[in-house]
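**Student:** Got a structure for you, entry-v6.txt, holding compact mmCIF, C-alpha atoms.
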```txt
# COMPACT_ATOMS: atom_id res chain seq x y z
CA MET A 5 105.37 151.57 -35.81
CA LYS A 6 108.06 149.18 -37.00
CA GLU A 7 106.07 146.17 -35.80
CA THR A 8 102.94 147.48 -37.57
CA ALA A 9 104.89 148.00 -40.79
CA ARG A 10 106.39 144.51 -40.49
CA LYS A 11 102.93 142.98 -40.08
CA LYS A 12 101.73 144.81 -43.18
CA MET A 13 104.74 143.61 -45.15
CA ASN A 14 104.37 140.03 -43.90
CA PRO A 15 100.64 139.32 -43.57
CA PRO A 16 99.71 136.03 -41.88
CA LYS A 17 99.36 133.13 -44.26
CA LYS A 18 95.79 132.09 -44.92
CA ARG A 19 95.22 128.53 -43.82
CA TRP A 20 93.24 126.16 -45.97
CA ASN A 21 89.93 125.10 -44.54
CA LEU A 22 88.86 121.48 -44.27
CA ARG A 23 86.75 121.61 -47.43
CA MET A 24 89.70 122.79 -49.54
CA LYS A 25 92.01 120.21 -47.95
CA TYR A 26 89.46 117.47 -48.69
CA ILE A 27 89.15 118.54 -52.34
CA VAL A 28 92.93 118.77 -52.83
CA PHE A 29 93.43 115.39 -51.15
CA ALA A 30 90.73 113.73 -53.27
CA MET A 31 92.05 115.29 -56.48
CA THR A 32 95.63 114.27 -55.68
CA LEU A 33 94.50 110.77 -54.78
CA ALA A 34 92.66 110.46 -58.10
CA LEU A 35 95.14 112.41 -60.24
CA VAL A 36 98.34 110.48 -59.51
CA PRO A 37 97.12 106.98 -60.51
CA LEU A 38 95.00 108.49 -63.28
CA LEU A 39 97.97 110.25 -64.90
CA ILE A 40 100.12 107.14 -64.60
CA SER A 41 97.35 105.02 -66.14
CA TYR A 42 96.76 107.67 -68.80
CA GLY A 43 100.44 107.71 -69.79
CA ILE A 44 100.64 103.92 -69.98
CA PHE A 45 97.35 103.69 -71.88
CA ILE A 46 98.30 106.38 -74.42
CA LYS A 47 101.70 104.77 -74.97
CA ASP A 48 100.10 101.35 -75.55
CA LYS A 49 97.39 102.86 -77.76
CA ILE A 50 99.90 104.65 -80.00
CA GLU A 51 102.12 101.56 -80.17
CA ASP A 52 99.12 99.41 -81.07
CA HIS A 53 98.14 101.85 -83.80
CA GLN A 54 101.73 101.94 -85.07
CA ASN A 55 101.86 98.15 -85.11
CA TYR A 56 98.51 98.01 -86.90
CA ILE A 57 99.83 100.28 -89.66
CA LYS A 58 103.02 98.20 -89.97
CA GLN A 59 100.96 95.02 -90.10
CA SER A 60 98.78 96.53 -92.85
CA LEU A 61 101.88 97.46 -94.87
CA ARG A 62 103.30 93.97 -94.45
CA GLU A 63 100.04 92.24 -95.42
CA VAL A 64 99.66 94.37 -98.56
CA SER A 65 103.27 93.65 -99.56
CA ASP A 66 102.67 89.92 -99.06
CA GLN A 67 99.57 90.12 -101.25
CA ILE A 68 101.48 91.90 -104.01
CA ALA A 69 104.49 89.57 -103.80
CA ALA A 70 102.16 86.57 -104.16
CA SER A 71 100.61 87.89 -107.41
CA ASP A 72 101.56 85.65 -110.37
CA MET A 73 101.00 88.49 -112.82
CA ILE A 74 103.51 90.74 -111.03
CA GLN A 75 106.03 87.93 -110.75
CA ASP A 76 105.76 87.21 -114.48
CA LYS A 77 106.03 90.87 -115.53
CA LEU A 78 109.11 91.45 -113.37
CA ALA A 79 110.76 88.22 -114.53
CA SER A 80 110.19 89.08 -118.19
CA GLY A 81 111.01 92.79 -117.76
CA SER A 82 107.65 93.73 -119.34
CA ASN A 83 106.92 97.25 -118.03
CA ASP A 84 103.72 97.67 -120.04
CA GLY A 85 101.63 99.52 -117.40
CA SER A 86 99.66 96.48 -116.24
CA ILE A 87 101.36 96.53 -112.82
CA GLN A 88 100.59 100.29 -112.50
CA THR A 89 96.92 99.60 -113.23
CA TYR A 90 96.86 96.77 -110.68
CA VAL A 91 98.44 98.96 -108.01
CA LYS A 92 96.15 101.93 -108.74
CA ASP A 93 93.03 99.77 -108.31
CA LEU A 94 94.46 98.26 -105.12
CA LEU A 95 95.18 101.66 -103.54
CA ASP A 96 91.55 102.70 -104.01
CA PHE A 97 90.47 100.01 -101.50
CA LEU A 98 93.22 100.51 -98.89
CA ASP A 99 93.00 102.89 -95.91
CA ASN A 100 96.37 102.43 -94.23
CA VAL A 101 98.51 102.46 -97.40
CA ASP A 102 99.32 105.66 -99.30
CA ILE A 103 102.03 104.62 -101.73
CA ILE A 104 103.11 101.39 -103.49
CA VAL A 105 106.26 101.17 -105.58
CA ILE A 106 107.19 97.98 -107.44
CA ALA A 107 110.63 97.63 -109.04
CA ASP A 108 112.75 94.91 -110.63
CA GLN A 109 116.23 93.83 -109.62
CA LYS A 110 117.78 96.78 -111.43
CA GLY A 111 115.64 99.19 -109.41
CA GLU A 112 113.44 100.19 -112.37
CA LYS A 113 110.02 101.35 -111.17
CA TYR A 114 106.95 99.52 -112.55
CA SER A 115 104.43 101.50 -110.43
CA HIS A 116 104.35 104.87 -108.69
CA LEU A 117 101.88 107.55 -107.62
CA ASP A 118 103.66 109.92 -109.99
CA THR A 119 103.29 108.14 -113.31
CA SER A 120 106.13 110.20 -114.77
CA GLN A 121 108.55 108.27 -112.54
CA ILE A 122 107.58 104.87 -113.98
CA GLY A 123 110.63 103.44 -115.77
CA GLN A 124 113.02 105.48 -113.64
CA ILE A 125 115.46 103.95 -111.13
CA PHE A 126 114.49 103.75 -107.46
CA GLU A 127 117.06 106.05 -105.88
CA GLY A 128 116.46 105.62 -102.16
CA GLU A 129 119.43 104.30 -100.21
CA ASP A 130 117.14 102.11 -98.16
CA LYS A 131 116.63 99.82 -101.22
CA VAL A 132 120.07 98.25 -100.82
CA PRO A 133 119.23 95.51 -98.26
CA VAL A 134 116.25 94.21 -100.22
CA LEU A 135 118.19 94.09 -103.51
CA GLU A 136 121.46 92.74 -102.19
CA GLU A 137 120.29 90.57 -99.29
CA GLY A 138 116.67 89.86 -100.19
CA SER A 139 115.55 90.87 -96.67
CA SER A 140 112.29 92.42 -95.51
CA TYR A 141 112.39 95.48 -93.24
CA TYR A 142 110.84 98.81 -92.25
CA SER A 143 112.35 102.19 -93.01
CA VAL A 144 111.48 105.86 -92.47
CA LYS A 145 112.80 107.88 -95.38
CA GLU A 146 112.04 111.07 -97.25
CA GLY A 147 111.21 110.43 -100.88
CA SER A 148 109.60 112.28 -103.75
CA GLN A 149 106.23 112.18 -101.96
CA GLY A 150 107.58 113.29 -98.57
CA VAL A 151 108.64 111.40 -95.44
CA THR A 152 107.06 107.94 -95.35
CA LEU A 153 107.07 104.84 -93.23
CA ARG A 154 108.14 102.14 -95.69
CA TYR A 155 108.11 98.36 -95.76
CA PHE A 156 110.39 96.62 -98.27
CA ARG A 157 109.81 93.01 -99.36
CA PRO A 158 111.47 90.94 -102.06
CA ILE A 159 109.35 89.43 -104.85
CA LEU A 160 110.29 85.85 -105.72
CA LYS A 161 109.44 83.67 -108.70
CA GLU A 162 110.33 80.04 -108.26
CA ASP A 163 112.64 80.91 -105.35
CA LEU A 164 114.49 83.44 -107.49
CA GLN A 165 114.20 87.14 -106.59
CA VAL A 166 112.88 89.12 -109.56
CA GLY A 167 112.27 92.46 -107.84
CA PHE A 168 110.85 94.11 -104.71
CA VAL A 169 107.84 96.03 -103.48
CA MET A 170 107.84 99.09 -101.23
CA VAL A 171 104.57 99.83 -99.41
CA GLY A 172 104.42 103.13 -97.54
CA LYS A 173 102.33 105.35 -95.28
CA TYR A 174 102.85 109.11 -95.08
CA GLN A 175 104.55 110.00 -91.78
CA SER A 176 102.51 113.22 -91.56
CA GLN A 177 99.30 111.17 -91.46
CA ILE A 178 100.75 108.85 -88.81
CA ILE A 179 101.63 111.91 -86.68
CA ALA A 180 98.15 113.36 -87.27
CA LEU A 181 96.55 110.08 -86.15
CA LYS A 182 98.70 110.10 -83.01
CA GLY A 183 97.59 113.69 -82.36
CA ASN A 184 93.93 112.68 -82.71
CA ILE A 185 94.43 109.85 -80.22
CA LEU A 186 96.11 112.22 -77.75
CA LYS A 187 93.36 114.81 -78.22
CA GLN A 188 90.51 112.33 -77.70
CA TYR A 189 91.95 110.74 -74.59
CA THR A 190 93.13 114.07 -73.16
CA LEU A 191 89.54 115.32 -73.42
CA LEU A 192 88.42 112.11 -71.74
CA LEU A 193 91.00 112.68 -68.98
CA GLY A 194 89.77 116.24 -68.53
CA GLY A 195 86.19 115.00 -68.24
CA VAL A 196 87.17 112.43 -65.63
CA LEU A 197 89.07 115.08 -63.65
CA LEU A 198 86.11 117.44 -63.85
CA ILE A 199 83.77 114.73 -62.55
CA THR A 200 86.27 113.95 -59.79
CA LEU A 201 86.42 117.63 -58.84
CA LEU A 202 82.63 117.94 -58.75
CA LEU A 203 82.21 114.76 -56.69
CA SER A 204 84.99 115.69 -54.26
CA THR A 205 83.47 119.17 -53.85
CA TYR A 206 80.05 117.65 -53.16
CA PHE A 207 81.36 115.10 -50.67
CA ALA A 208 83.48 117.79 -48.98
CA TYR A 209 80.33 119.90 -48.62
CA ARG A 210 78.38 116.94 -47.20
CA PHE A 211 81.22 116.04 -44.83
CA LYS A 212 81.37 119.61 -43.52
CA LYS A 213 77.62 119.53 -42.92
CA ILE A 214 77.97 116.29 -40.95
CA ILE A 215 80.56 117.87 -38.63
CA LEU A 216 78.39 121.01 -38.29
CA ASP A 217 80.58 123.09 -40.63
CA MET A 218 83.44 123.05 -38.11
CA GLU A 219 87.18 122.90 -38.67
CA PRO A 220 89.34 120.17 -37.03
CA GLU A 221 90.94 122.79 -34.77
CA GLU A 222 87.50 123.95 -33.65
CA ILE A 223 86.41 120.36 -32.98
CA ALA A 224 89.54 119.73 -30.90
CA ALA A 225 88.99 122.95 -28.93
CA LEU A 226 85.33 122.07 -28.41
CA TYR A 227 86.28 118.62 -27.12
CA LEU A 228 88.76 120.11 -24.64
CA GLN A 229 86.18 122.67 -23.49
CA LYS A 230 83.58 119.94 -23.06
CA ASP A 231 86.04 117.82 -21.10
CA CYS A 232 86.93 120.73 -18.80
CA LEU A 233 83.26 121.57 -18.33
CA LEU A 234 82.30 118.01 -17.40
CA ASN A 235 85.16 117.67 -14.94
CA SER A 236 84.49 121.03 -13.29
CA VAL A 237 81.19 119.91 -11.71
CA GLN A 238 80.88 117.92 -8.49
CA GLU A 239 78.21 115.59 -9.81
CA GLY A 240 79.06 112.42 -11.70
CA ILE A 241 77.93 112.60 -15.34
CA ILE A 242 77.68 109.52 -17.57
CA LEU A 243 76.73 109.41 -21.26
CA LEU A 244 75.11 106.23 -22.62
CA ASP A 245 74.62 105.29 -26.28
CA ARG A 246 71.46 103.75 -27.72
CA ASN A 247 72.64 100.29 -26.62
CA HIS A 248 73.06 101.48 -23.01
CA GLU A 249 76.85 101.28 -23.27
CA ILE A 250 78.91 103.91 -21.44
CA GLN A 251 80.51 106.24 -23.98
CA GLU A 252 81.69 109.11 -21.79
CA ALA A 253 82.11 109.82 -18.08
CA ASN A 254 83.66 112.70 -16.16
CA ASP A 255 86.25 112.23 -13.41
CA ARG A 256 83.63 112.22 -10.63
CA ALA A 257 81.63 109.50 -12.38
CA LYS A 258 84.79 107.44 -12.89
CA GLU A 259 85.30 107.50 -9.11
CA TRP A 260 81.82 106.00 -8.73
CA LEU A 261 82.54 103.37 -11.39
CA GLU A 262 85.67 102.31 -9.53
CA GLU A 263 83.51 101.39 -6.53
CA VAL A 264 80.68 99.68 -8.42
CA SER A 265 80.58 97.89 -11.79
CA ASN A 266 78.68 99.11 -14.83
CA GLU A 267 76.11 96.33 -14.36
CA VAL A 268 75.41 97.34 -10.75
CA LEU A 269 75.00 100.97 -11.81
CA LEU A 270 72.71 100.32 -14.78
CA LYS A 271 70.63 97.45 -13.36
CA PRO A 272 68.16 99.62 -11.34
CA LEU A 273 67.94 102.06 -14.27
CA LEU A 274 67.31 99.50 -16.99
CA LYS A 275 63.51 99.70 -16.85
CA PHE A 276 63.64 103.49 -17.16
CA LEU A 277 66.12 103.30 -20.04
CA GLU A 278 64.03 100.80 -21.98
CA ALA A 279 60.89 102.88 -21.42
CA ARG A 280 62.74 106.07 -22.45
CA GLN A 281 61.51 107.53 -19.15
CA ALA A 282 63.15 110.47 -17.41
CA ILE A 283 63.65 110.53 -13.62
CA ARG A 284 64.79 113.37 -11.39
CA MET A 285 66.70 113.15 -8.10
CA GLN A 286 65.47 109.64 -7.34
CA GLU A 287 67.23 107.76 -4.53
CA PHE A 288 69.07 104.50 -5.23
CA ILE A 289 71.56 102.43 -3.24
CA LEU A 290 74.81 101.74 -5.09
CA GLY A 291 77.21 99.62 -3.11
CA GLU A 292 77.13 101.10 0.38
CA LYS A 293 76.06 104.61 -0.58
CA LYS A 294 72.74 106.30 -1.11
CA VAL A 295 72.77 108.12 -4.40
CA LEU A 296 70.38 110.59 -6.00
CA ILE A 297 70.15 109.84 -9.72
CA THR A 298 68.77 111.99 -12.53
CA LEU A 299 68.17 110.28 -15.89
CA ARG A 300 67.41 112.16 -19.10
CA PRO A 301 66.89 110.33 -22.45
CA LEU A 302 68.41 111.93 -25.56
CA LEU A 303 65.90 112.10 -28.42
CA LYS A 304 66.15 113.74 -31.83
CA ASP A 305 63.15 113.65 -34.14
CA LYS A 306 61.77 110.79 -32.00
CA LEU A 307 64.98 108.83 -32.58
CA TYR A 308 66.59 107.52 -29.39
CA LEU A 309 70.28 108.42 -29.26
CA GLY A 310 71.13 107.47 -25.69
CA ALA A 311 70.81 108.96 -22.21
CA VAL A 312 72.59 111.19 -19.69
CA ILE A 313 72.89 110.04 -16.08
CA THR A 314 73.73 112.44 -13.24
CA LEU A 315 74.91 110.98 -9.89
CA MET A 316 74.83 112.91 -6.59
CA ASP A 317 75.92 111.67 -3.15
CA LYS A 318 72.92 112.01 -0.83
CA GLU A 319 75.14 112.90 2.14
CA GLU A 320 76.72 115.74 0.19
CA VAL A 321 73.26 116.99 -0.73
CA HIS A 322 72.28 116.92 2.95
CA GLU A 323 75.38 118.92 3.85
CA VAL A 324 74.46 121.54 1.30
CA ALA A 325 70.90 121.58 2.65
CA LYS A 326 72.21 122.12 6.18
CA GLU A 327 74.31 125.02 5.02
CA MET A 328 71.28 126.50 3.33
CA LEU A 329 69.25 126.09 6.56
CA GLY A 330 72.04 127.86 8.51
CA ILE A 331 71.86 130.78 6.15
CA GLU A 332 68.09 130.89 6.58
CA GLU A 333 68.55 130.91 10.37
CA LYS A 334 70.92 133.84 10.07
CA ASN A 335 68.36 135.69 8.01
CA LYS A 336 65.70 135.10 10.70
CA ASN A 337 68.01 136.42 13.43
CA LEU A 338 68.84 139.46 11.34
CA ARG A 339 65.15 140.17 10.74
CA ALA A 340 64.44 139.84 14.50
CA THR A 341 67.28 142.23 15.34
CA VAL A 342 66.02 144.77 12.82
CA HIS A 343 62.49 144.41 14.18
CA GLU A 344 63.64 144.98 17.79
CA PHE A 345 65.74 147.97 16.70
CA LYS A 346 62.69 149.49 15.01
CA ASN A 347 60.65 148.98 18.20
CA ASN A 348 63.31 150.82 20.22
CA LEU A 349 63.25 153.66 17.73
CA HIS A 350 59.45 153.89 17.98
CA VAL A 351 59.66 154.09 21.81
CA LEU A 352 62.30 156.83 21.61
CA LEU A 353 60.25 158.71 19.02
CA GLY A 354 57.19 158.54 21.31
CA LEU A 355 59.14 159.83 24.32
CA LEU A 356 60.56 162.71 22.31
CA GLN A 357 57.13 163.64 20.96
CA LEU A 358 55.84 163.70 24.58
CA GLU A 359 58.86 165.85 25.48
CA GLU A 360 59.94 163.27 28.05
CA TYR A 361 63.57 163.92 27.41
CA GLU A 362 64.87 162.52 30.68
CA GLU A 363 62.89 159.33 30.13
CA ALA A 364 64.31 159.04 26.60
CA LYS A 365 67.82 159.53 27.88
CA GLN A 366 67.28 156.88 30.55
CA TYR A 367 65.84 154.47 27.97
CA ILE A 368 68.91 154.85 25.73
CA LEU A 369 71.23 154.14 28.66
CA GLU A 370 69.26 151.00 29.54
CA ILE A 371 69.55 149.71 25.95
CA GLN A 372 73.28 150.41 25.94
CA GLN A 373 73.82 148.60 29.24
CA THR A 374 71.81 145.60 28.06
CA LYS A 375 73.86 145.37 24.85
CA ILE A 376 77.18 145.58 26.74
CA HIS A 377 76.02 142.88 29.14
CA ARG A 378 75.07 140.50 26.33
CA ILE A 379 78.36 141.05 24.49
CA LYS A 380 80.32 140.30 27.66
CA GLN A 381 78.20 137.18 28.15
CA PHE A 382 79.71 135.58 24.99
CA ALA A 383 83.19 137.10 25.26
CA ASN A 384 84.83 133.76 26.12
CA ILE A 385 83.62 132.02 22.94
CA LYS A 386 86.53 131.76 20.48
CA ASP A 387 84.51 130.69 17.41
CA GLY A 388 83.75 134.00 15.70
CA TYR A 389 80.93 132.50 13.61
CA LEU A 390 79.16 131.02 16.69
CA LYS A 391 79.81 134.13 18.78
CA ALA A 392 78.27 136.40 16.15
CA MET A 393 75.27 134.07 15.75
CA LEU A 394 74.54 133.91 19.54
CA THR A 395 75.03 137.65 19.94
CA SER A 396 72.62 138.34 17.10
CA ARG A 397 69.98 136.09 18.68
CA ALA A 398 70.44 137.69 22.11
CA ILE A 399 70.21 141.29 21.01
```
Could you show the structure in this file as structure tokens?
**Tutor:**
Amino acid sequence: MKETARKKMNPPKKRWNLRMKYIVFAMTLALVPLLISYGIFIKDKIEDHQNYIKQSLREVSDQIAASDMIQDKLASGSNDGSIQTYVKDLLDFLDNVDIIVIADQKGEKYSHLDTSQIGQIFEGEDKVPVLEEGSSYYSVKEGSQGVTLRYFRPILKEDLQVGFVMVGKYQSQIIALKGNILKQYTLLLGGVLLITLLLSTYFAYRFKKIILDMEPEEIAALYLQKDCLLNSVQEGIILLDRNHEIQEANDRAKEWLEEVSNEVLLKPLLKFLEARQAIRMQEFILGEKKVLITLRPLLKDKLYLGAVITLMDKEEVHEVAKEMLGIEEKNKNLRATVHEFKNNLHVLLGLLQLEEYEEAKQYILEIQQTKIHRIKQFANIKDGYLKAMLTSRAI
């Protein structure tokens, strides 16, 4: 009871079949390099997109800094709205730029998306390097329009800095673009994995069909059973492929092949092999022995796959035949004994029907004496088999 309960509590683990192992192996083989490639590709793609946005911000800032009109307005301190108009028209044609702010050396804004801020001082702390050092750089900062990726560049007029330009891209849009890239290529990855799964399932199905829907353990067991079966027979069995090369031989056949070479064995059979002709128990001389050979071609849908050769020692066959003849002789003797016994019974029956009881009694005594005499005649023979055989013939 305890063992039964234990078995119920711990059921045997279900082993994966070959088809499932093949699918898992194929998926793992495809998934590992695919995920690594996917990670590297996505990383490079996002970095390329990030660099493209930064390059766009830098190019727009260079274009603005090179404008003579902007240089003149900043140098003269003329904040008459012309720079705001220029920037507004420029933003309408740009895809990767969301905000442009132009300011003079005091930080006074000459352009902004929120027109109410024009004339106010640029308050971001990230303006310090461009004003004090005249350097160009990127910055991520939260401003009045939200968190933006910014590029600062000084504006020079005759090698004298007269202001700066800040070109920005909303960080939320950059994150959204990254999300779209991830979504697109994740869907692509899923499609590739689905195709891999379908193909691996199909090839696993085809592979199982090729091996007759058997598991590796079953194939191994079948091979061992076949090997035991071949080696359990007394005849030599040889399997040839379509090129007449020996592919398999049992132990008895290997004993033959130790005495004669493959060429000597196959030479007399070559004409039958080439003609795809079967022969049965035909006598050949191999080395110094007479051998009975049976040849059977292997055909499937008229396609020649090879042949099976069976070798039998003629002397061994004769010995078996002699034994069979001995058994037949015993049967003849037994039939003769039965026939004689029936004759004796018929004689006794006749005497009894004639009421010749004394004659019947005398006849029985004569049969008994004859039997005793014949048994004593072979009493000195020690071989029980021979003694029984001679006695049966004499009775």
**Student:** Kindly give the distance, in Å, that separates CA of Leu290 (chain A) and CA of Lys275 (chain A), rounded to a single decimal.
**Tutor:** 16.4 Å
**Student:** Just give me the gap between CA of Ala224 (chain A) and CA of Phe29 (chain A) in Å, one decimal is fine.
**Tutor:**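 Taking CA of Ala224 (chain A) and CA of Phe29 (chain A), their separation equals 21.1 Å.
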**Student:** Which one of A:Asp108, A:Glu219, A:Asp231, A:Asp102 sits closest to Gln175 (chain A) if you count all atoms listed in the file?
**Tutor:**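 Comparing A:Asp108, A:Glu219, A:Asp231, A:Asp102 against Gln175 (chain A), the winner is A:Asp102.
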**Student:** One number please: CA of Gln238 (chain A) to CA of Arg256 (chain A), in Å, one decimal.
**Tutor:**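 About the pair CA of Gln238 (chain A) and CA of Arg256 (chain A): they are 6.7 Å apart.
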**Student:** Find the residue from A:Lys258, A:Lys306, A:Lys173, A:Lys318 that sits nearest to Glu292 (chain A); use all atoms listed in the file when measuring.
**Tutor:**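 So, comparing all the options, the nearest one is A:Lys318.
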